[in-house]
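Engineer: Below is the file run36.txt, with compact mmCIF, C-alpha atoms.
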```txt
# COMPACT_ATOMS: atom_id res chain seq x y z
CA MET A 1 -2.00 21.64 -16.82
CA THR A 2 -0.64 20.51 -13.47
CA THR A 3 0.21 16.93 -12.63
CA ARG A 4 -1.15 15.04 -9.67
CA THR A 5 2.17 15.40 -7.82
CA GLU A 6 2.16 19.16 -8.30
CA GLN A 7 -1.36 19.32 -6.89
CA VAL A 8 -0.35 17.31 -3.81
CA VAL A 9 2.74 19.46 -3.25
CA ALA A 10 0.66 22.64 -3.62
CA LYS A 11 -1.87 21.37 -1.07
CA ALA A 12 0.90 20.31 1.34
CA LEU A 13 2.55 23.73 1.02
CA GLU A 14 -0.76 25.40 1.72
CA ALA A 15 -1.23 23.22 4.81
CA ILE A 16 2.07 24.41 6.31
CA GLY A 17 1.93 28.05 5.30
CA GLY A 18 3.95 27.94 2.10
CA ASP A 19 7.38 27.28 3.63
CA ARG A 20 9.19 25.01 1.14
CA TYR A 21 12.13 24.43 3.49
CA LEU A 22 9.79 23.30 6.27
CA LEU A 23 7.95 21.01 3.85
CA THR A 24 11.19 19.43 2.64
CA SER A 25 12.38 18.87 6.19
CA ALA A 26 9.03 17.45 7.33
CA VAL A 27 8.77 15.08 4.36
CA GLY A 28 12.30 13.82 5.00
CA LYS A 29 11.69 13.20 8.69
CA ARG A 30 8.36 11.52 8.12
CA ALA A 31 9.74 9.36 5.30
CA GLU A 32 12.46 8.18 7.65
CA GLU A 33 9.87 7.29 10.29
CA LEU A 34 7.89 5.34 7.70
CA SER A 35 11.02 3.50 6.54
CA GLN A 36 11.64 2.45 10.13
CA GLY A 37 8.20 0.89 10.46
CA ALA A 38 5.78 3.69 11.34
CA GLU A 39 2.27 3.14 10.02
CA PRO A 40 0.93 5.61 7.46
CA SER A 41 -1.78 7.88 8.89
CA ILE A 42 -3.81 7.66 5.68
CA ALA A 43 -5.46 4.78 3.87
CA ILE A 44 -2.96 4.13 1.10
CA ASP A 45 -1.18 1.16 -0.43
CA ASP A 46 2.23 1.70 1.12
CA LYS A 47 3.69 -1.15 -0.93
CA LYS A 48 3.19 0.78 -4.17
CA MET A 49 4.34 4.25 -3.05
CA LYS A 50 7.64 5.69 -1.94
CA TYR A 51 7.88 6.87 1.65
CA THR A 52 8.33 10.47 0.52
CA ASP A 53 5.12 10.31 -1.50
CA ILE A 54 3.21 8.91 1.46
CA ALA A 55 4.59 11.68 3.69
CA LEU A 56 3.55 14.33 1.18
CA HIS A 57 0.02 12.94 1.04
CA GLU A 58 -0.18 12.81 4.84
CA ILE A 59 0.82 16.47 5.11
CA ALA A 60 -1.49 17.53 2.28
CA GLN A 61 -4.43 15.75 3.92
CA GLY A 62 -3.59 17.17 7.34
CA THR A 63 -3.28 13.82 9.09
CA ILE A 64 0.10 14.73 10.57
CA THR A 65 1.03 18.04 12.15
CA VAL A 66 4.10 19.90 10.96
CA THR A 67 5.79 22.37 13.27
CA GLU A 68 9.02 24.31 12.99
CA GLU A 69 10.38 22.54 16.06
CA GLY A 70 10.44 19.26 14.16
```
Mind converting the file's structure to structure tokens?

Structural biologist:
Amino acid sequence: MTTRTEQVVAKALEAIGGDRYLLTSAVGKRAEELSQGAEPSIAIDDKKMKYTDIALHEIAQGTITVTEEG
């Protein structure tokens, strides 16, 4: 049985072509943007979630575009 987090990670990986390094890099960059005041691109309670979790959900739902350039 997979957990909710594993499902979100799997969906995010699928959205970017399965590149774990790219996912890690994208989550880190987006989490930093969120910590500096960027608004989440999804409807979510950002007071109850960590920035990395929000970034993962954004990628999994396809609301932000991830490219190899950054």

Engineer: Using all atoms listed in the file, give me every residue within 12 Å of (0.4, 21.7, 0.5) in file coordinates, as a PyMOL selection string.

Structural biologist: chain A and resi 5-20+22-24+26-27+55-62+66

Engineer: Interatomic distance between CA of Lys48 in chain A and CA of Tyr21 in chain A?

Structural biologist: 26.4 Å

Engineer: I'd like the interatomic distance between CA of Thr67 in chain A and CA of Gln36 in chain A, to a tenth of an Å.

Structural biologist: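 Atom-to-atom, CA of Thr67 in chain A to CA of Gln36 in chain A, that is 21.0 Å.
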
Engineer: Please report the interatomic distance between CA of Ile42 in chain A and CA of Thr63 in chain A in Å with one decimal.

Structural biologist: 7.1 Å
